[in-house]
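Data block for target_8.cif (mmCIF, C-alpha atoms):
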data_input
#
loop_
_atom_site.label_atom_id
_atom_site.label_comp_id
_atom_site.auth_asym_id
_atom_site.auth_seq_id
_atom_site.Cartn_x
_atom_site.Cartn_y
_atom_site.Cartn_z
CA MET A 19 98.61 92.54 109.83
CA ASP A 20 99.51 92.99 113.50
CA MET A 21 98.42 96.51 114.41
CA GLN A 22 97.89 96.02 118.12
CA LEU A 23 99.91 98.69 119.94
CA ALA A 24 102.17 97.72 122.84
CA VAL A 25 102.36 99.94 125.93
CA ILE A 26 106.05 100.69 126.41
CA GLY A 27 105.56 102.99 129.38
CA THR A 28 103.12 105.07 131.40
CA ILE A 29 103.03 108.79 132.17
CA HIS A 30 103.00 109.98 135.75
CA SER A 31 101.91 113.59 135.95
CA ASP A 32 100.33 116.09 138.30
CA ILE A 33 97.74 116.68 135.56
CA LYS A 34 95.10 114.26 136.72
CA ASP A 35 92.17 114.89 134.42
CA LEU A 36 91.32 116.21 130.98
CA ALA A 37 89.66 119.35 132.36
CA SER A 38 92.98 120.61 133.72
CA ALA A 39 95.12 119.56 130.75
CA PRO A 40 96.28 122.21 128.27
CA LYS A 41 95.73 121.37 124.61
CA MET A 42 99.36 121.60 123.49
CA GLU A 43 102.68 121.15 125.21
CA ASP A 44 103.67 124.74 124.46
CA GLU A 45 100.65 126.15 126.30
CA ALA A 46 100.47 127.24 129.93
CA GLY A 47 99.85 124.29 132.22
CA ALA A 48 102.17 121.78 130.60
CA VAL A 49 104.41 120.31 133.27
CA ARG A 50 107.47 118.26 134.04
CA ALA A 51 106.34 114.65 134.05
CA ARG A 52 107.78 111.16 134.49
CA ILE A 53 107.59 108.20 132.20
CA GLU A 54 107.87 104.80 133.81
CA ILE A 55 109.16 102.40 131.16
CA ASP A 56 108.03 98.78 131.17
CA PRO A 57 111.09 96.63 132.05
CA ALA A 58 110.47 94.56 128.91
CA TYR A 59 111.63 97.58 126.86
CA ALA A 60 114.57 98.68 129.03
CA GLU A 61 117.20 97.87 126.40
CA GLY A 62 115.54 100.24 123.97
CA LEU A 63 116.50 103.23 126.15
CA ASP A 64 120.23 102.76 125.61
CA GLY A 65 121.73 105.96 124.22
CA LEU A 66 119.09 108.36 125.55
CA GLU A 67 120.91 111.24 127.24
CA PRO A 68 119.60 114.16 129.32
CA GLY A 69 119.11 117.23 127.19
CA ALA A 70 117.89 115.21 124.21
CA LYS A 71 114.99 116.65 122.25
CA LEU A 72 112.45 113.90 121.81
CA GLU A 73 109.24 113.15 120.03
CA LEU A 74 107.05 111.32 122.51
CA PHE A 75 104.14 109.32 121.14
CA THR A 76 101.22 108.58 123.46
CA TRP A 77 97.80 106.97 123.19
CA PHE A 78 94.96 109.25 124.29
CA HIS A 79 93.15 106.42 126.04
CA LYS A 80 90.22 108.63 127.10
CA SER A 81 89.40 109.70 123.54
CA ASP A 82 86.25 108.90 121.61
CA ARG A 83 87.54 107.03 118.56
CA SER A 84 84.24 107.27 116.67
CA VAL A 85 84.49 111.04 116.15
CA LEU A 86 85.22 112.29 112.61
CA LYS A 87 84.17 115.96 112.94
CA VAL A 88 84.89 118.37 115.76
CA HIS A 89 84.71 122.00 116.77
CA PRO A 90 88.44 122.90 116.77
CA ARG A 91 89.84 123.34 120.28
CA GLY A 92 86.45 122.23 121.65
CA ASN A 93 85.07 125.72 121.05
CA LYS A 94 81.50 125.67 119.73
CA ASP A 95 82.15 129.03 118.03
CA ASN A 96 84.62 127.29 115.69
CA PRO A 97 82.79 125.62 112.76
CA VAL A 98 83.06 121.83 112.69
CA ARG A 99 85.90 120.36 110.65
CA GLY A 100 87.18 116.90 109.86
CA VAL A 101 89.42 115.57 112.61
CA PHE A 102 92.33 115.12 110.19
CA SER A 103 92.46 118.89 109.68
CA THR A 104 92.70 119.39 113.46
CA ARG A 105 94.85 118.10 116.30
CA SER A 106 91.81 117.03 118.33
CA PRO A 107 92.51 114.07 120.64
CA ALA A 108 89.19 112.60 119.49
CA ARG A 109 90.03 110.74 116.26
CA PRO A 110 90.08 107.17 114.93
CA ASN A 111 93.61 106.50 116.17
CA PRO A 112 94.14 108.88 119.09
CA ILE A 113 97.92 109.16 118.86
CA GLY A 114 99.43 112.05 120.80
CA LEU A 115 102.68 113.58 119.58
CA HIS A 116 104.59 115.68 122.10
CA ARG A 117 107.86 117.54 121.68
CA VAL A 118 109.69 117.24 124.96
CA THR A 119 113.15 117.59 126.43
CA LEU A 120 114.62 114.69 128.36
CA VAL A 121 115.53 116.27 131.70
CA ALA A 122 116.89 113.18 133.45
CA VAL A 123 117.05 109.42 133.35
CA GLU A 124 116.42 107.98 136.81
CA GLU A 125 117.37 104.44 137.70
CA PRO A 126 116.15 102.05 136.88
CA LEU A 127 113.57 102.96 134.26
CA THR A 128 112.15 106.45 134.64
CA LEU A 129 112.47 109.26 132.12
CA VAL A 130 111.82 112.80 133.34
CA VAL A 131 110.54 115.03 130.52
CA GLU A 132 109.09 118.48 130.01
CA PRO A 133 106.88 120.19 129.05
CA LEU A 134 104.07 117.67 128.78
CA GLU A 135 100.33 118.20 128.68
CA ALA A 136 99.20 114.55 128.72
CA ILE A 137 97.31 113.36 131.78
CA ASP A 138 98.46 110.96 134.46
CA GLY A 139 98.13 107.36 133.34
CA THR A 140 98.46 108.02 129.60
CA PRO A 141 100.17 105.10 127.83
CA VAL A 142 103.42 105.81 125.97
CA ILE A 143 103.75 104.00 122.64
CA ASP A 144 106.98 105.34 121.14
CA ILE A 145 109.95 107.64 121.73
CA LYS A 146 112.09 109.02 118.90
CA PRO A 147 114.88 111.59 118.83
CA LYS A 148 113.75 114.76 117.10
CA PRO A 149 115.25 114.92 113.61
CA ARG A 150 118.04 117.41 113.03
CA GLY A 151 116.83 120.78 111.82
CA ARG A 152 113.25 120.42 113.01
CA MET B 22 92.11 99.35 126.79
CA ASP B 23 91.44 99.32 123.04
CA MET B 24 94.82 99.83 121.38
CA GLN B 25 94.12 98.17 118.06
CA LEU B 26 95.00 100.62 115.29
CA ALA B 27 92.56 101.26 112.47
CA VAL B 28 93.82 101.64 108.90
CA ILE B 29 92.43 104.96 107.67
CA GLY B 30 94.16 104.83 104.30
CA THR B 31 96.87 103.23 102.20
CA ILE B 32 99.91 104.72 100.48
CA HIS B 33 100.37 104.29 96.75
CA SER B 34 103.94 105.05 95.74
CA ASP B 35 106.50 104.28 93.08
CA ILE B 36 108.78 103.16 95.92
CA LYS B 37 107.97 99.48 95.88
CA ASP B 38 110.39 97.95 98.36
CA LEU B 39 112.50 98.79 101.39
CA ALA B 40 115.76 98.52 99.47
CA SER B 41 114.85 101.53 97.34
CA ALA B 42 113.31 103.63 100.12
CA PRO B 43 115.29 106.54 101.57
CA LYS B 44 115.45 106.68 105.36
CA MET B 45 113.90 110.12 105.79
CA GLU B 46 111.51 112.23 103.78
CA ASP B 47 114.11 114.95 103.35
CA GLU B 48 116.61 112.60 101.69
CA ALA B 49 117.03 111.99 97.97
CA GLY B 50 114.55 109.46 96.70
CA ALA B 51 111.47 110.62 98.56
CA VAL B 52 108.66 111.07 96.06
CA ARG B 53 105.21 112.45 95.42
CA ALA B 54 102.77 109.77 96.58
CA ARG B 55 99.04 109.21 96.90
CA ILE B 56 97.02 108.24 99.91
CA GLU B 57 93.78 106.42 99.26
CA ILE B 58 91.50 107.08 102.22
CA ASP B 59 89.06 104.40 103.37
CA PRO B 60 85.53 105.70 102.66
CA ALA B 61 84.59 105.05 106.30
CA TYR B 62 86.82 108.01 107.25
CA ALA B 63 85.84 110.42 104.44
CA GLU B 64 84.19 112.94 106.75
CA GLY B 65 87.43 113.34 108.68
CA LEU B 66 89.08 114.98 105.64
CA ASP B 67 86.81 118.02 105.71
CA GLY B 68 88.92 121.18 105.92
CA LEU B 69 92.11 119.75 104.41
CA GLU B 70 93.30 122.20 101.75
CA PRO B 71 96.11 121.91 99.19
CA GLY B 72 99.27 123.55 100.45
CA ALA B 73 98.68 122.37 104.01
CA LYS B 74 101.73 121.17 105.93
CA LEU B 75 100.82 117.85 107.48
CA GLU B 76 102.17 115.29 109.87
CA LEU B 77 101.40 111.92 108.34
CA PHE B 78 101.47 108.89 110.62
CA THR B 79 102.03 105.47 109.09
CA TRP B 80 102.54 101.93 110.30
CA PHE B 81 105.76 100.33 109.08
CA HIS B 82 104.09 97.00 108.46
CA LYS B 83 107.31 95.31 107.30
CA SER B 84 109.18 96.10 110.53
CA ASP B 85 110.46 93.60 113.05
CA ARG B 86 108.69 94.64 116.27
CA SER B 87 110.92 92.50 118.50
CA VAL B 88 114.02 94.65 117.92
CA LEU B 89 115.23 96.81 120.85
CA LYS B 90 118.80 97.58 119.69
CA VAL B 91 120.00 98.58 116.24
CA HIS B 92 122.97 99.87 114.33
CA PRO B 93 121.77 103.42 113.53
CA ARG B 94 120.86 103.83 109.86
CA GLY B 95 121.50 100.12 109.37
CA ASN B 96 125.24 100.80 109.20
CA LYS B 97 127.28 98.14 111.02
CA ASP B 98 130.01 100.76 111.61
CA ASN B 99 127.62 102.61 113.93
CA PRO B 100 127.63 101.08 117.45
CA VAL B 101 124.33 99.53 118.52
CA ARG B 102 121.92 101.76 120.40
CA GLY B 103 118.48 101.41 121.91
CA VAL B 104 115.76 101.89 119.31
CA PHE B 105 114.23 104.77 121.29
CA SER B 106 117.39 106.81 120.72
CA THR B 107 117.10 106.22 116.97
CA ARG B 108 114.45 106.62 114.28
CA SER B 109 114.84 103.03 113.10
CA PRO B 110 111.65 101.58 111.61
CA ALA B 111 112.34 98.41 113.62
CA ARG B 112 110.83 99.12 117.07
CA PRO B 113 108.04 97.80 119.29
CA ASN B 114 105.43 100.11 117.75
CA PRO B 115 106.70 100.89 114.24
CA ILE B 116 104.97 104.24 113.80
CA GLY B 117 106.28 106.35 110.94
CA LEU B 118 106.04 110.13 111.18
CA HIS B 119 106.40 112.04 107.93
CA ARG B 120 106.31 115.78 107.32
CA VAL B 121 104.59 116.28 103.99
CA THR B 122 102.81 118.94 101.99
CA LEU B 123 99.32 118.26 100.72
CA VAL B 124 99.65 118.86 96.98
CA ALA B 125 96.09 118.06 95.94
CA VAL B 126 92.88 116.43 97.03
CA GLU B 127 91.48 114.28 94.23
CA GLU B 128 87.89 113.14 94.19
CA PRO B 129 86.66 111.20 95.83
CA LEU B 130 89.17 110.19 98.45
CA THR B 131 92.77 110.57 97.37
CA LEU B 132 95.34 112.86 98.95
CA VAL B 133 98.46 113.67 96.92
CA VAL B 134 101.42 114.42 99.18
CA GLU B 135 105.16 115.00 98.98
CA PRO B 136 107.91 114.25 99.76
CA LEU B 137 107.31 110.76 101.11
CA GLU B 138 109.74 107.89 101.64
CA ALA B 139 107.27 105.19 102.77
CA ILE B 140 106.81 102.22 100.48
CA ASP B 141 103.79 101.31 98.40
CA GLY B 142 101.12 99.63 100.51
CA THR B 143 102.08 101.23 103.82
CA PRO B 144 99.00 101.74 106.03
CA VAL B 145 98.17 105.30 107.11
CA ILE B 146 97.00 105.63 110.71
CA ASP B 147 96.65 109.38 111.29
CA ILE B 148 96.92 112.79 109.64
CA LYS B 149 97.37 116.01 111.63
CA PRO B 150 98.08 119.59 110.58
CA LYS B 151 101.59 120.63 111.53
CA PRO B 152 101.48 122.89 114.59
CA ARG B 153 102.20 126.57 114.03
CA GLY B 154 105.84 127.49 114.45
CA ARG B 155 107.24 124.01 113.96
#

Could I get this structure in the form of structure tokens?
Amino acid sequence: MDMQLAVIGTIHSDIKDLASAPKMEDEAGAVRARIEIDPAYAEGLDGLEPGAKLELFTWFHKSDRSVLKVHPRGNKDNPVRGVFSTRSPARPNPIGLHRVTLVAVEEPLTLVVEPLEAIDGTPVIDIKPKPRGR
Amino acid sequence: MDMQLAVIGTIHSDIKDLASAPKMEDEAGAVRARIEIDPAYAEGLDGLEPGAKLELFTWFHKSDRSVLKVHPRGNKDNPVRGVFSTRSPARPNPIGLHRVTLVAVEEPLTLVVEPLEAIDGTPVIDIKPKPRGR
């Protein structure tokens, strides 16, 4: 089974390192960011309009994939839990899911989105419109 | 960069083929299903309690990954659009995102969830608790 992810784009953000990244996109510090789409996937953008509510899927490339238990939110005062009962970026498949608004589409292949807490250089692996009613 | 997904579990469902699968988990035909977790990831389940609202991530292993434009919902009457403006399972990285409720945790390593529209045999790649307020 082919389960090798393709990088469809890359995030460009003023958030340059994990220490300055908020944990969720609805927390203070999330910013307007740009996604540069790989030209190989340009056709897939057809129909994306500014104002769209999107689910942006990223790959937390700095994450430790061997971790199965964590202190939630990295706080040692929180008892350890299994990663699947947390949204820790450290997990076997470190997929990030971000609810963002598409602010603009800039020629040729840049999406401007907000708010986003992922760091500069994070690979983008999928973009979906948010389902109605959610 | 290591972007090879790990299979953390497998879906067991009465939905056996794509023809009988609904397109979204909130459509008629979505069912109660079981996820058999790979023992290597057992520790990651700690803290998951029945009643939890989860985001279940799957890999649509039957999808054509070369597709960049589709007729939305597979209906030829809908004009073609880029896959990133649709939730088509055919896309470069065919990640499925399903909102489910954890009905039960059965020993040793089975999660019972509902409602789920993915077909029997679909690989599970991540499980996250739904964020508060969404």

Write out, as JSON lines, each residue of stretch 123-146 of chain B that has an atom at most 7 Å from stretch 37-48 of chain B, together with the closest pair of atoms and their distance in Å to one decimal, counting all atoms listed in the file, rows going by chain and rising number.
{"residue": "B:Pro136", "atom": "CA", "partner": "B:Glu46", "partner_atom": "CA", "distance": 5.8}
{"residue": "B:Leu137", "atom": "CA", "partner": "B:Glu46", "partner_atom": "CA", "distance": 5.2}
{"residue": "B:Glu138", "atom": "CA", "partner": "B:Glu46", "partner_atom": "CA", "distance": 5.2}
{"residue": "B:Ala139", "atom": "CA", "partner": "B:Ala42", "partner_atom": "CA", "distance": 6.8}
{"residue": "B:Ile140", "atom": "CA", "partner": "B:Lys37", "partner_atom": "CA", "distance": 5.5}
{"residue": "B:Asp141", "atom": "CA", "partner": "B:Lys37", "partner_atom": "CA", "distance": 5.2}

Any chance you could export the current selection's C-alpha atoms as a PDB file, in the frame of the given file?
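Output below, filename out.pdb:
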ATOM      1  CA  PRO B 136     107.910 114.250  99.760  1.00  0.00           C
ATOM      2  CA  LEU B 137     107.310 110.760 101.110  1.00  0.00           C
ATOM      3  CA  GLU B 138     109.740 107.890 101.640  1.00  0.00           C
ATOM      4  CA  ALA B 139     107.270 105.190 102.770  1.00  0.00           C
ATOM      5  CA  ILE B 140     106.810 102.220 100.480  1.00  0.00           C
ATOM      6  CA  ASP B 141     103.790 101.310  98.400  1.00  0.00           C
TER       7      ASP B 141
END

Selection dump of the PyMOL selection byres ((chain B and resi 60) around 10), as a list in words: Ile29, Gly30, Glu57, Ile58, Asp59, Ala61, Tyr62, Ala63, Glu64, Gly65, Pro129 and Leu130 of chain B

Could you list, with a cut-off of 8 Å and counting only C-alpha atoms, the residues of chain A near chain B, each shown with its nearest atom pair and the distance in Å rounded to one decimal, rows sorted by chain and ascending number, as a Markdown table?
| residue | atom | partner | partner_atom | distance |
| --- | --- | --- | --- | --- |
| A:Met19 | CA | B:His82 | CA | 7.2 |
| A:Asp20 | CA | B:His82 | CA | 7.9 |
| A:Met21 | CA | B:Leu26 | CA | 5.4 |
| A:Gln22 | CA | B:Gln25 | CA | 4.3 |
| A:Leu23 | CA | B:Met24 | CA | 5.4 |
| A:Ala24 | CA | B:Asn114 | CA | 6.5 |
| A:Ile26 | CA | B:Pro113 | CA | 7.9 |
| A:Tyr59 | CA | B:Leu89 | CA | 7.0 |
| A:Glu61 | CA | B:Gly103 | CA | 5.9 |
| A:Gly62 | CA | B:Gly103 | CA | 3.8 |
| A:Leu63 | CA | B:Gly103 | CA | 5.0 |
| A:Asp64 | CA | B:Gly103 | CA | 4.3 |
| A:Gly65 | CA | B:Ser106 | CA | 5.6 |
| A:Leu66 | CA | B:Ser106 | CA | 5.3 |
| A:Trp77 | CA | B:Met24 | CA | 7.9 |
| A:His79 | CA | B:Met22 | CA | 7.2 |
| A:Leu86 | CA | B:Gly65 | CA | 4.6 |
| A:Lys87 | CA | B:Gly65 | CA | 6.0 |
| A:Arg99 | CA | B:Asp67 | CA | 5.5 |
| A:Gly100 | CA | B:Gly65 | CA | 3.8 |
| A:Val101 | CA | B:Gly65 | CA | 4.9 |
| A:Phe102 | CA | B:Ile148 | CA | 5.2 |
| A:Ser103 | CA | B:Leu69 | CA | 5.4 |
| A:Thr104 | CA | B:Lys149 | CA | 6.0 |
| A:Arg105 | CA | B:Lys149 | CA | 5.7 |
| A:Pro110 | CA | B:Ala27 | CA | 6.9 |
| A:Asn111 | CA | B:Leu26 | CA | 6.1 |
| A:Ile113 | CA | B:Asp147 | CA | 7.7 |
| A:Ile143 | CA | B:Asn114 | CA | 6.5 |
| A:Asp144 | CA | B:Asn114 | CA | 6.4 |
| A:Ile145 | CA | B:Phe105 | CA | 5.2 |
| A:Lys146 | CA | B:Phe105 | CA | 5.3 |
| A:Pro147 | CA | B:Ser106 | CA | 5.7 |
| A:Arg152 | CA | B:Arg155 | CA | 7.1 |

Could you write out the selected residues, including C-alpha atoms, as a PDB file, in the coordinates of the input?
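selection-v2.pdb, written as the output of this step:
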ATOM      1  CA  MET A  19      98.610  92.540 109.830  1.00  0.00           C
ATOM      2  CA  ASP A  20      99.510  92.990 113.500  1.00  0.00           C
ATOM      3  CA  MET A  21      98.420  96.510 114.410  1.00  0.00           C
ATOM      4  CA  GLN A  22      97.890  96.020 118.120  1.00  0.00           C
ATOM      5  CA  LEU A  23      99.910  98.690 119.940  1.00  0.00           C
ATOM      6  CA  ALA A  24     102.170  97.720 122.840  1.00  0.00           C
ATOM      7  CA  ILE A  26     106.050 100.690 126.410  1.00  0.00           C
ATOM      8  CA  TYR A  59     111.630  97.580 126.860  1.00  0.00           C
ATOM      9  CA  GLU A  61     117.200  97.870 126.400  1.00  0.00           C
ATOM     10  CA  GLY A  62     115.540 100.240 123.970  1.00  0.00           C
ATOM     11  CA  LEU A  63     116.500 103.230 126.150  1.00  0.00           C
ATOM     12  CA  ASP A  64     120.230 102.760 125.610  1.00  0.00           C
ATOM     13  CA  GLY A  65     121.730 105.960 124.220  1.00  0.00           C
ATOM     14  CA  LEU A  66     119.090 108.360 125.550  1.00  0.00           C
ATOM     15  CA  TRP A  77      97.800 106.970 123.190  1.00  0.00           C
ATOM     16  CA  HIS A  79      93.150 106.420 126.040  1.00  0.00           C
ATOM     17  CA  LEU A  86      85.220 112.290 112.610  1.00  0.00           C
ATOM     18  CA  LYS A  87      84.170 115.960 112.940  1.00  0.00           C
ATOM     19  CA  ARG A  99      85.900 120.360 110.650  1.00  0.00           C
ATOM     20  CA  GLY A 100      87.180 116.900 109.860  1.00  0.00           C
ATOM     21  CA  VAL A 101      89.420 115.570 112.610  1.00  0.00           C
ATOM     22  CA  PHE A 102      92.330 115.120 110.190  1.00  0.00           C
ATOM     23  CA  SER A 103      92.460 118.890 109.680  1.00  0.00           C
ATOM     24  CA  THR A 104      92.700 119.390 113.460  1.00  0.00           C
ATOM     25  CA  ARG A 105      94.850 118.100 116.300  1.00  0.00           C
ATOM     26  CA  PRO A 110      90.080 107.170 114.930  1.00  0.00           C
ATOM     27  CA  ASN A 111      93.610 106.500 116.170  1.00  0.00           C
ATOM     28  CA  ILE A 113      97.920 109.160 118.860  1.00  0.00           C
ATOM     29  CA  ILE A 143     103.750 104.000 122.640  1.00  0.00           C
ATOM     30  CA  ASP A 144     106.980 105.340 121.140  1.00  0.00           C
ATOM     31  CA  ILE A 145     109.950 107.640 121.730  1.00  0.00           C
ATOM     32  CA  LYS A 146     112.090 109.020 118.900  1.00  0.00           C
ATOM     33  CA  PRO A 147     114.880 111.590 118.830  1.00  0.00           C
ATOM     34  CA  ARG A 152     113.250 120.420 113.010  1.00  0.00           C
TER      35      ARG A 152
END

Please write out chain A, superposed on chain B by least squares over all C-alpha atoms matched in order, as a tab-separated table (two decimals) with C-alpha atoms, in the coordinates of the input.
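Listing of superposed-v5.tsv after writing:
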chain	number	residue	atom	x	y	z
A	19	MET	CA	92.10	99.35	126.79
A	20	ASP	CA	91.43	99.32	123.04
A	21	MET	CA	94.81	99.84	121.39
A	22	GLN	CA	94.11	98.15	118.08
A	23	LEU	CA	95.00	100.62	115.32
A	24	ALA	CA	92.55	101.26	112.48
A	25	VAL	CA	93.83	101.64	108.91
A	26	ILE	CA	92.44	104.95	107.68
A	27	GLY	CA	94.16	104.83	104.31
A	28	THR	CA	96.88	103.24	102.20
A	29	ILE	CA	99.92	104.73	100.47
A	30	HIS	CA	100.38	104.30	96.75
A	31	SER	CA	103.94	105.05	95.75
A	32	ASP	CA	106.50	104.28	93.08
A	33	ILE	CA	108.78	103.14	95.92
A	34	LYS	CA	107.96	99.47	95.88
A	35	ASP	CA	110.39	97.94	98.35
A	36	LEU	CA	112.47	98.79	101.39
A	37	ALA	CA	115.76	98.53	99.48
A	38	SER	CA	114.85	101.54	97.33
A	39	ALA	CA	113.30	103.63	100.11
A	40	PRO	CA	115.29	106.54	101.57
A	41	LYS	CA	115.44	106.67	105.36
A	42	MET	CA	113.90	110.12	105.80
A	43	GLU	CA	111.51	112.21	103.78
A	44	ASP	CA	114.10	114.96	103.37
A	45	GLU	CA	116.59	112.60	101.70
A	46	ALA	CA	117.03	111.99	97.98
A	47	GLY	CA	114.54	109.44	96.70
A	48	ALA	CA	111.47	110.62	98.57
A	49	VAL	CA	108.65	111.07	96.09
A	50	ARG	CA	105.21	112.45	95.44
A	51	ALA	CA	102.78	109.78	96.59
A	52	ARG	CA	99.04	109.20	96.90
A	53	ILE	CA	97.02	108.25	99.91
A	54	GLU	CA	93.78	106.43	99.26
A	55	ILE	CA	91.50	107.08	102.23
A	56	ASP	CA	89.07	104.41	103.38
A	57	PRO	CA	85.52	105.70	102.65
A	58	ALA	CA	84.60	105.05	106.29
A	59	TYR	CA	86.83	108.02	107.24
A	60	ALA	CA	85.87	110.41	104.43
A	61	GLU	CA	84.21	112.94	106.75
A	62	GLY	CA	87.44	113.34	108.67
A	63	LEU	CA	89.10	114.97	105.64
A	64	ASP	CA	86.83	118.01	105.70
A	65	GLY	CA	88.93	121.17	105.93
A	66	LEU	CA	92.12	119.75	104.42
A	67	GLU	CA	93.31	122.18	101.75
A	68	PRO	CA	96.12	121.91	99.18
A	69	GLY	CA	99.27	123.55	100.45
A	70	ALA	CA	98.69	122.37	104.01
A	71	LYS	CA	101.72	121.16	105.93
A	72	LEU	CA	100.82	117.85	107.48
A	73	GLU	CA	102.16	115.29	109.87
A	74	LEU	CA	101.40	111.91	108.35
A	75	PHE	CA	101.47	108.90	110.64
A	76	THR	CA	102.03	105.48	109.08
A	77	TRP	CA	102.53	101.92	110.30
A	78	PHE	CA	105.76	100.34	109.07
A	79	HIS	CA	104.08	97.00	108.46
A	80	LYS	CA	107.31	95.31	107.30
A	81	SER	CA	109.18	96.10	110.52
A	82	ASP	CA	110.47	93.61	113.05
A	83	ARG	CA	108.70	94.63	116.26
A	84	SER	CA	110.93	92.49	118.50
A	85	VAL	CA	114.03	94.64	117.93
A	86	LEU	CA	115.23	96.81	120.84
A	87	LYS	CA	118.80	97.59	119.69
A	88	VAL	CA	120.00	98.58	116.25
A	89	HIS	CA	122.98	99.88	114.33
A	90	PRO	CA	121.77	103.43	113.51
A	91	ARG	CA	120.86	103.86	109.84
A	92	GLY	CA	121.50	100.12	109.36
A	93	ASN	CA	125.24	100.79	109.20
A	94	LYS	CA	127.28	98.14	111.01
A	95	ASP	CA	130.01	100.75	111.61
A	96	ASN	CA	127.61	102.62	113.93
A	97	PRO	CA	127.63	101.09	117.45
A	98	VAL	CA	124.33	99.53	118.50
A	99	ARG	CA	121.92	101.76	120.41
A	100	GLY	CA	118.48	101.39	121.90
A	101	VAL	CA	115.76	101.88	119.30
A	102	PHE	CA	114.23	104.76	121.28
A	103	SER	CA	117.39	106.80	120.72
A	104	THR	CA	117.10	106.22	116.96
A	105	ARG	CA	114.45	106.63	114.28
A	106	SER	CA	114.84	103.03	113.11
A	107	PRO	CA	111.64	101.57	111.61
A	108	ALA	CA	112.34	98.41	113.61
A	109	ARG	CA	110.84	99.10	117.06
A	110	PRO	CA	108.03	97.80	119.28
A	111	ASN	CA	105.42	100.10	117.74
A	112	PRO	CA	106.69	100.88	114.24
A	113	ILE	CA	104.97	104.24	113.80
A	114	GLY	CA	106.29	106.35	110.94
A	115	LEU	CA	106.04	110.13	111.19
A	116	HIS	CA	106.41	112.05	107.93
A	117	ARG	CA	106.30	115.78	107.32
A	118	VAL	CA	104.58	116.28	104.01
A	119	THR	CA	102.83	118.94	101.98
A	120	LEU	CA	99.33	118.26	100.71
A	121	VAL	CA	99.66	118.87	96.97
A	122	ALA	CA	96.09	118.06	95.94
A	123	VAL	CA	92.88	116.43	97.03
A	124	GLU	CA	91.47	114.28	94.23
A	125	GLU	CA	87.88	113.14	94.20
A	126	PRO	CA	86.65	111.21	95.82
A	127	LEU	CA	89.17	110.19	98.45
A	128	THR	CA	92.78	110.57	97.36
A	129	LEU	CA	95.35	112.86	98.94
A	130	VAL	CA	98.46	113.67	96.92
A	131	VAL	CA	101.43	114.43	99.19
A	132	GLU	CA	105.16	115.00	98.96
A	133	PRO	CA	107.90	114.23	99.75
A	134	LEU	CA	107.32	110.75	101.12
A	135	GLU	CA	109.74	107.90	101.65
A	136	ALA	CA	107.28	105.20	102.77
A	137	ILE	CA	106.81	102.23	100.48
A	138	ASP	CA	103.78	101.32	98.41
A	139	GLY	CA	101.12	99.63	100.50
A	140	THR	CA	102.07	101.24	103.83
A	141	PRO	CA	99.00	101.75	106.04
A	142	VAL	CA	98.17	105.31	107.11
A	143	ILE	CA	97.00	105.63	110.72
A	144	ASP	CA	96.65	109.38	111.28
A	145	ILE	CA	96.92	112.80	109.64
A	146	LYS	CA	97.38	116.01	111.63
A	147	PRO	CA	98.07	119.59	110.57
A	148	LYS	CA	101.58	120.62	111.53
A	149	PRO	CA	101.47	122.90	114.57
A	150	ARG	CA	102.17	126.58	114.01
A	151	GLY	CA	105.81	127.50	114.43
A	152	ARG	CA	107.21	124.01	113.95

Grab all the atoms of stretch 58-62 of chain A that the file lists, wrap them in a box along x, y and z, add 4 Å per side, and give me centre plus edge lengths in Å (one decimal) as AutoDock Vina command-line options.
--center_x 113.8 --center_y 97.4 --center_z 126.5 --size_x 14.7 --size_y 13.7 --size_z 13.1

Å distance separating atom CA of A:Glu132 from atom CA of A:Ile33, one decimal place: 12.8 Å

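Rounded to one decimal, atom CA of B:His92 and atom CA of A:Thr119 lie 23.6 Å from each other.
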
Atomic separation - atom CA of A:Arg117 relative to atom CA of A:Ala48, Å: 11.4 Å
